[in-house]
>>> print(open('run.cif').read())   # mmCIF, C-alpha atoms
data_data
loop_
_atom_site.label_atom_id
_atom_site.label_comp_id
_atom_site.auth_asym_id
_atom_site.auth_seq_id
_atom_site.Cartn_x
_atom_site.Cartn_y
_atom_site.Cartn_z
CA MET A 1 39.60 -57.96 0.32
CA GLU A 2 43.25 -57.19 1.06
CA ASN A 3 45.42 -59.14 3.46
CA ALA A 4 46.73 -57.49 6.62
CA TRP A 5 49.70 -58.49 8.71
CA TYR A 6 48.84 -59.02 12.32
CA GLU A 7 50.73 -59.91 15.47
CA SER A 8 49.36 -61.60 18.56
CA GLY A 9 50.62 -63.34 21.61
CA GLU A 10 50.19 -66.73 19.94
CA GLY A 11 52.05 -65.90 16.77
CA SER A 12 52.10 -63.81 13.67
CA GLY A 13 50.65 -64.28 10.23
CA PHE A 14 48.25 -63.01 7.61
CA GLU A 15 44.55 -62.61 7.98
CA SER A 16 41.80 -60.93 6.07
CA ALA A 17 41.63 -57.21 6.72
CA SER A 18 38.73 -56.10 8.86
CA PRO A 19 36.06 -53.77 7.45
CA SER A 20 37.52 -50.97 9.57
CA CYS A 21 40.78 -51.25 7.63
CA VAL A 22 39.39 -50.86 4.12
CA LEU A 23 36.56 -48.36 3.72
CA ASP A 24 34.53 -47.54 0.67
CA ILE A 25 36.30 -44.23 -0.02
CA LEU A 26 39.68 -44.59 1.73
CA PRO A 27 42.36 -47.22 0.97
CA CYS A 28 43.92 -49.34 3.69
CA SER A 29 46.91 -47.81 5.46
CA ILE A 30 49.03 -50.94 4.87
CA THR A 31 49.19 -50.13 1.16
CA ILE A 32 51.35 -47.52 -0.56
CA THR A 33 48.27 -45.64 -1.75
CA GLY A 34 46.84 -45.60 1.77
CA ASN A 35 50.07 -44.24 3.22
CA ILE A 36 50.22 -41.50 0.58
CA VAL A 37 46.63 -40.51 1.42
CA LEU A 38 47.52 -40.39 5.13
CA VAL A 39 50.58 -38.23 4.43
CA ILE A 40 48.52 -35.81 2.31
CA PHE A 41 45.76 -35.45 4.91
CA TYR A 42 48.30 -35.18 7.74
CA GLY A 43 50.14 -32.44 5.86
CA ILE A 44 46.90 -30.54 5.25
CA PHE A 45 45.96 -30.72 8.93
CA LEU A 46 49.45 -29.62 10.00
CA GLY A 47 49.40 -26.71 7.56
CA PHE A 48 46.01 -25.56 8.79
CA ALA A 49 47.10 -25.91 12.42
CA ALA A 50 50.29 -23.91 11.73
CA LYS A 51 48.21 -21.14 10.16
CA VAL A 52 45.86 -21.05 13.16
CA ILE A 53 48.81 -20.87 15.58
CA SER A 54 50.41 -18.11 13.52
CA ASP A 55 47.17 -16.11 13.45
CA GLY A 56 46.78 -16.61 17.19
CA ALA A 57 50.32 -15.40 17.82
CA GLU A 58 49.64 -12.21 15.86
CA MET A 59 46.49 -11.66 17.92
CA LEU A 60 48.47 -12.05 21.13
CA LEU A 61 50.97 -9.47 19.89
CA ASP A 62 48.09 -7.14 19.03
CA LEU A 63 47.02 -7.35 22.68
CA GLY A 64 50.33 -5.81 23.65
CA LEU A 65 51.99 -8.91 25.08
CA PRO A 66 55.82 -8.93 24.82
CA SER A 67 57.18 -10.83 21.85
CA ALA A 68 59.57 -12.74 24.14
CA LEU A 69 56.60 -14.01 26.16
CA VAL A 70 54.62 -15.05 23.08
CA GLY A 71 57.51 -16.58 21.13
CA GLY A 72 59.50 -17.93 24.08
CA ILE A 73 56.78 -19.39 26.32
CA VAL A 74 53.24 -19.34 24.91
CA LEU A 75 53.88 -20.78 21.44
CA PRO A 76 56.28 -23.54 22.58
CA LEU A 77 53.75 -24.64 25.20
CA LEU A 78 50.88 -24.59 22.71
CA GLY A 79 52.96 -26.71 20.34
CA ALA A 80 54.36 -29.17 22.89
CA VAL A 81 51.25 -29.91 24.94
CA PRO A 82 49.14 -31.36 22.08
CA ASP A 83 52.07 -33.50 20.89
CA SER A 84 52.61 -34.87 24.39
CA ALA A 85 48.90 -35.52 24.84
CA MET A 86 48.72 -37.50 21.58
CA ILE A 87 51.74 -39.60 22.54
CA ILE A 88 50.27 -40.38 25.97
CA ALA A 89 46.84 -41.14 24.50
CA SER A 90 48.36 -43.59 22.03
CA GLY A 91 49.34 -45.89 24.90
CA VAL A 92 46.15 -45.65 26.98
CA GLY A 93 44.00 -48.77 27.25
CA LYS A 94 46.58 -51.14 25.77
CA SER A 95 48.84 -53.82 27.14
CA ARG A 96 52.30 -52.89 28.38
CA GLU A 97 54.02 -54.24 25.28
CA GLN A 98 51.65 -52.47 22.90
CA ALA A 99 51.85 -49.22 24.89
CA ASN A 100 55.66 -49.31 24.83
CA LYS A 101 55.65 -49.82 21.08
CA GLU A 102 53.11 -47.08 20.37
CA ILE A 103 54.80 -44.53 22.65
CA ALA A 104 58.23 -45.37 21.22
CA VAL A 105 56.94 -44.69 17.71
CA GLY A 106 55.35 -41.43 18.84
CA MET A 107 58.48 -40.24 20.60
CA GLY A 108 60.60 -41.12 17.57
CA THR A 109 58.27 -39.18 15.30
CA LEU A 110 58.25 -36.16 17.61
CA ALA A 111 62.04 -36.18 17.96
CA GLY A 112 62.52 -36.52 14.21
CA SER A 113 60.14 -33.67 13.37
CA THR A 114 61.78 -31.43 16.00
CA ILE A 115 65.26 -32.14 14.65
CA MET A 116 64.09 -31.44 11.11
CA LEU A 117 62.57 -28.10 12.17
CA LEU A 118 65.83 -27.16 13.90
CA THR A 119 68.18 -28.14 11.08
CA LEU A 120 66.58 -27.54 7.68
CA PRO A 121 65.28 -23.97 8.31
CA TRP A 122 68.60 -23.06 9.94
CA LEU A 123 70.54 -24.40 6.96
CA GLY A 124 68.28 -22.56 4.53
CA SER A 125 68.60 -19.28 6.41
CA ILE A 126 72.40 -19.53 6.40
CA ILE A 127 72.56 -20.33 2.67
CA LEU A 128 70.15 -17.55 1.69
CA GLY A 129 71.47 -14.96 4.14
CA ARG A 130 75.20 -15.58 3.77
CA VAL A 131 77.57 -12.69 3.03
CA ASP A 132 81.32 -12.43 2.58
CA ILE A 133 83.34 -12.51 5.81
CA VAL A 134 86.29 -10.11 5.92
CA ASN A 135 88.40 -9.84 9.08
CA LYS A 136 85.79 -11.84 10.97
CA GLN A 137 83.09 -9.30 10.05
CA GLY A 138 80.23 -9.79 7.65
CA LYS A 139 79.90 -7.34 4.75
CA ASP A 140 76.26 -6.43 4.27
CA GLY A 141 75.02 -6.87 0.72
CA VAL A 142 78.30 -8.37 -0.50
CA THR A 143 77.94 -12.02 -1.54
CA SER A 144 80.40 -13.68 -3.87
CA LYS A 145 79.61 -16.68 -6.04
CA PHE A 146 79.19 -19.87 -4.05
CA THR A 147 82.31 -22.05 -4.22
CA VAL A 148 84.05 -24.61 -2.06
CA ASN A 149 85.85 -21.78 -0.23
CA SER A 150 82.48 -20.29 0.70
CA PHE A 151 82.32 -22.64 3.67
CA VAL A 152 85.18 -20.69 5.31
CA LYS A 153 84.86 -17.26 3.66
CA GLN A 154 81.10 -16.71 3.86
CA GLY A 155 78.63 -16.80 6.69
CA VAL A 156 76.07 -14.89 8.72
CA SER A 157 76.22 -12.61 11.74
CA VAL A 158 73.72 -13.24 14.51
CA PHE A 159 72.45 -11.25 17.47
CA PRO A 160 73.48 -12.28 21.00
CA ASP A 161 69.96 -13.62 21.62
CA VAL A 162 70.52 -16.27 18.93
CA THR A 163 73.72 -17.40 20.62
CA ASN A 164 71.97 -17.54 24.00
CA SER A 165 69.12 -19.58 22.52
CA ALA A 166 71.60 -22.05 21.02
CA ILE A 167 73.28 -22.47 24.42
CA ILE A 168 69.90 -23.06 26.08
CA MET A 169 69.04 -25.75 23.52
CA LEU A 170 72.37 -27.51 24.08
CA VAL A 171 71.93 -27.45 27.86
CA SER A 172 68.36 -28.76 27.57
CA ALA A 173 69.68 -31.78 25.61
CA LEU A 174 72.18 -32.78 28.31
CA PRO A 175 69.69 -34.74 30.51
CA TYR A 176 69.23 -37.30 27.73
CA PHE A 177 72.84 -38.36 28.25
CA ILE A 178 71.73 -39.80 31.59
CA VAL A 179 69.63 -42.49 29.90
CA GLN A 180 72.14 -43.02 27.11
CA GLY A 181 75.09 -43.07 29.50
CA ALA A 182 73.35 -45.61 31.72
CA ASP A 183 72.76 -47.85 28.72
CA TRP A 184 76.38 -47.49 27.63
CA HIS A 185 77.57 -48.45 31.12
CA TRP A 186 75.14 -51.19 32.17
CA GLY A 187 73.69 -52.27 28.84
CA PRO A 188 76.49 -54.65 27.76
CA ARG A 189 76.44 -56.29 31.22
CA VAL A 190 72.71 -57.02 31.32
CA LYS A 191 71.29 -60.02 29.54
CA LYS A 192 68.68 -59.30 26.92
CA GLU A 193 65.42 -60.08 28.68
CA ALA A 194 61.79 -59.41 27.91
CA GLN A 195 61.42 -57.36 31.11
CA GLN A 196 62.87 -53.87 31.07
CA PRO A 197 66.07 -53.59 33.16
CA GLU A 198 65.84 -51.63 36.40
CA TYR A 199 68.56 -49.17 35.43
CA ILE A 200 66.51 -47.94 32.47
CA ARG A 201 63.55 -47.04 34.70
CA LYS A 202 65.73 -45.27 37.24
CA SER A 203 67.74 -43.35 34.65
CA ALA A 204 64.55 -42.36 32.79
CA LEU A 205 63.02 -41.05 36.02
CA ALA A 206 66.17 -39.05 36.80
CA THR A 207 66.14 -37.64 33.26
CA ALA A 208 62.48 -36.66 33.55
CA ILE A 209 63.05 -34.86 36.86
CA LEU A 210 66.10 -32.98 35.57
CA ALA A 211 64.34 -32.07 32.32
CA PHE A 212 61.36 -30.69 34.28
CA ILE A 213 63.70 -28.60 36.46
CA LEU A 214 65.42 -27.21 33.37
CA PHE A 215 62.01 -26.47 31.82
CA ILE A 216 60.95 -24.43 34.86
CA SER A 217 64.32 -22.66 34.81
CA TYR A 218 63.78 -21.79 31.16
CA LEU A 219 60.37 -20.29 31.89
CA VAL A 220 61.80 -18.25 34.76
CA LEU A 221 64.64 -17.04 32.52
CA GLN A 222 62.22 -15.97 29.79
CA VAL A 223 60.08 -14.05 32.29
CA ARG A 224 63.10 -12.28 33.78
CA VAL A 225 64.36 -11.03 30.39
CA LEU A 226 61.01 -9.43 29.53
#
>>> encode(input="run.cif", output="structure tokens")
Amino acid sequence: MENAWYESGEGSGFESASPSCVLDILPCSITITGNIVLVIFYGIFLGFAAKVISDGAEMLLDLGLPSALVGGIVLPLLGAVPDSAMIIASGVGKSREQANKEIAVGMGTLAGSTIMLLTLPWLGSIILGRVDIVNKQGKDGVTSKFTVNSFVKQGVSVFPDVTNSAIIMLVSALPYFIVQGADWHWGPRVKKEAQQPEYIRKSALATAILAFILFISYLVLQVRVL
């Protein structure tokens, strides 16, 4: 039987892993093998879910719904609601300290995956779709060999909708500066205590309200451009 690290209110230490940790066919998640198995199964489930969402989006387009409605509202909601539900469910029925830890891990994972989806595909599309830039205009089908000068002499041309979407994403990120700015301002002055400082709760509430207002504004904007 493997040993598992545990934490409790009375202290921390090692104890024998419970039967629910090590099953007959699956390794324990505290081992490297167990984590690899979890990553593989998680990737399979995500790939299957992505295929189902893609097939559903095509069906919605076959019904005659505008692509801006499907891609700008329906799919983001279908992707965000399950993630939010899983994060909330991870903290239900636990103590305040455990709930804070679980939700923090979930939010970090969600933020990291979102950033990866925004950066890596964008970088790949620029590298693969780059063309030579002459007089601030892209030359279709003309791509020179990639060199150091390619960073200033090659690029891509985008439609105005792409620029507008980038502006919307930047504006939607501004509310998070409320929480971060509050921590920059009051954080150094507050003693490190076990209880969460009051300014964090107030700034988080203000951020949530502003983010919800911006979300509704985004939905209204998407409906108006249809």
>>> residues_near_point(input="run.cif", point="(72.1, -20.2, 11.9)", cutoff="12 Å", atoms="all atoms listed in the file", output="list in words")
Leu118, Thr119, Leu120, Pro121, Trp122, Leu123, Gly124, Ser125, Ile126, Ile127, Leu128, Gly129, Arg130, Gly155, Val156, Ser157, Val158, Phe159, Asp161, Val162, Thr163, Ser165 and Ala166 of chain A
>>> residues_around(input="run.cif", residues="range 203-210 of chain A", least_positions_apart="3", cutoff="7 Å", atoms="all atoms listed in the file", output="VMD selection string")
chain A and resid 175 to 176 178 to 179 182 199 to 200 213 to 214
>>> closest_residue(input="run.cif", among="A:Ala50, A:Ile88, A:Leu174, A:Leu221", to="Ala68 in chain A", atoms="all atoms listed in the file")
A:Leu221
>>> closest_residue(input="run.cif", among="A:Ile87, A:Val134, A:Ile36, A:Leu60", to="Leu75 in chain A", atoms="all atoms listed in the file")
A:Leu60
>>> residues_around(input="run.cif", residues="Ser90 in chain A", least_positions_apart="6", cutoff="12 Å", atoms="all atoms listed in the file", output="VMD selection string")
chain A and resid 83 to 84 96 98 to 107
>>> resolve_selection(input="run.cif", expression="the PyMOL selection byres ((chain A and resi 70) around 12)", output="PDB file with C-alpha atoms, in the frame of the given file")
ATOM      1  CA  ILE A  53      48.810 -20.870  15.580  1.00  0.00           C
ATOM      2  CA  SER A  54      50.410 -18.110  13.520  1.00  0.00           C
ATOM      3  CA  GLY A  56      46.780 -16.610  17.190  1.00  0.00           C
ATOM      4  CA  ALA A  57      50.320 -15.400  17.820  1.00  0.00           C
ATOM      5  CA  GLU A  58      49.640 -12.210  15.860  1.00  0.00           C
ATOM      6  CA  MET A  59      46.490 -11.660  17.920  1.00  0.00           C
ATOM      7  CA  LEU A  60      48.470 -12.050  21.130  1.00  0.00           C
ATOM      8  CA  LEU A  61      50.970  -9.470  19.890  1.00  0.00           C
ATOM      9  CA  ASP A  62      48.090  -7.140  19.030  1.00  0.00           C
ATOM     10  CA  LEU A  63      47.020  -7.350  22.680  1.00  0.00           C
ATOM     11  CA  GLY A  64      50.330  -5.810  23.650  1.00  0.00           C
ATOM     12  CA  LEU A  65      51.990  -8.910  25.080  1.00  0.00           C
ATOM     13  CA  PRO A  66      55.820  -8.930  24.820  1.00  0.00           C
ATOM     14  CA  SER A  67      57.180 -10.830  21.850  1.00  0.00           C
ATOM     15  CA  ALA A  68      59.570 -12.740  24.140  1.00  0.00           C
ATOM     16  CA  LEU A  69      56.600 -14.010  26.160  1.00  0.00           C
ATOM     17  CA  GLY A  71      57.510 -16.580  21.130  1.00  0.00           C
ATOM     18  CA  GLY A  72      59.500 -17.930  24.080  1.00  0.00           C
ATOM     19  CA  ILE A  73      56.780 -19.390  26.320  1.00  0.00           C
ATOM     20  CA  VAL A  74      53.240 -19.340  24.910  1.00  0.00           C
ATOM     21  CA  LEU A  75      53.880 -20.780  21.440  1.00  0.00           C
ATOM     22  CA  PRO A  76      56.280 -23.540  22.580  1.00  0.00           C
ATOM     23  CA  LEU A  77      53.750 -24.640  25.200  1.00  0.00           C
ATOM     24  CA  LEU A  78      50.880 -24.590  22.710  1.00  0.00           C
ATOM     25  CA  LEU A 219      60.370 -20.290  31.890  1.00  0.00           C
ATOM     26  CA  GLN A 222      62.220 -15.970  29.790  1.00  0.00           C
ATOM     27  CA  VAL A 223      60.080 -14.050  32.290  1.00  0.00           C
ATOM     28  CA  LEU A 226      61.010  -9.430  29.530  1.00  0.00           C
TER      29      LEU A 226
END
>>> residues_near_point(input="run.cif", point="(79.6, -15.4, 2.0)", cutoff="12 Å", atoms="only C-alpha atoms", output="ChimeraX atom specification")
/A:126-134,136-157
>>> atom_distance(input="run.cif", atom1="CA of Ile115 in chain A", atom2="CA of Ala173 in chain A")
11.8 Å
>>> closest_residue(input="run.cif", among="A:Ala211, A:Met116, A:Ala49, A:Val37", to="Phe177 in chain A", atoms="all atoms listed in the file")
A:Ala211
>>> atom_distance(input="run.cif", atom1="CA of Asn164 in chain A", atom2="CA of Ala111 in chain A")
22.0 Å
>>> atom_distance(input="run.cif", atom1="CA of Val220 in chain A", atom2="CA of Met169 in chain A")
15.3 Å
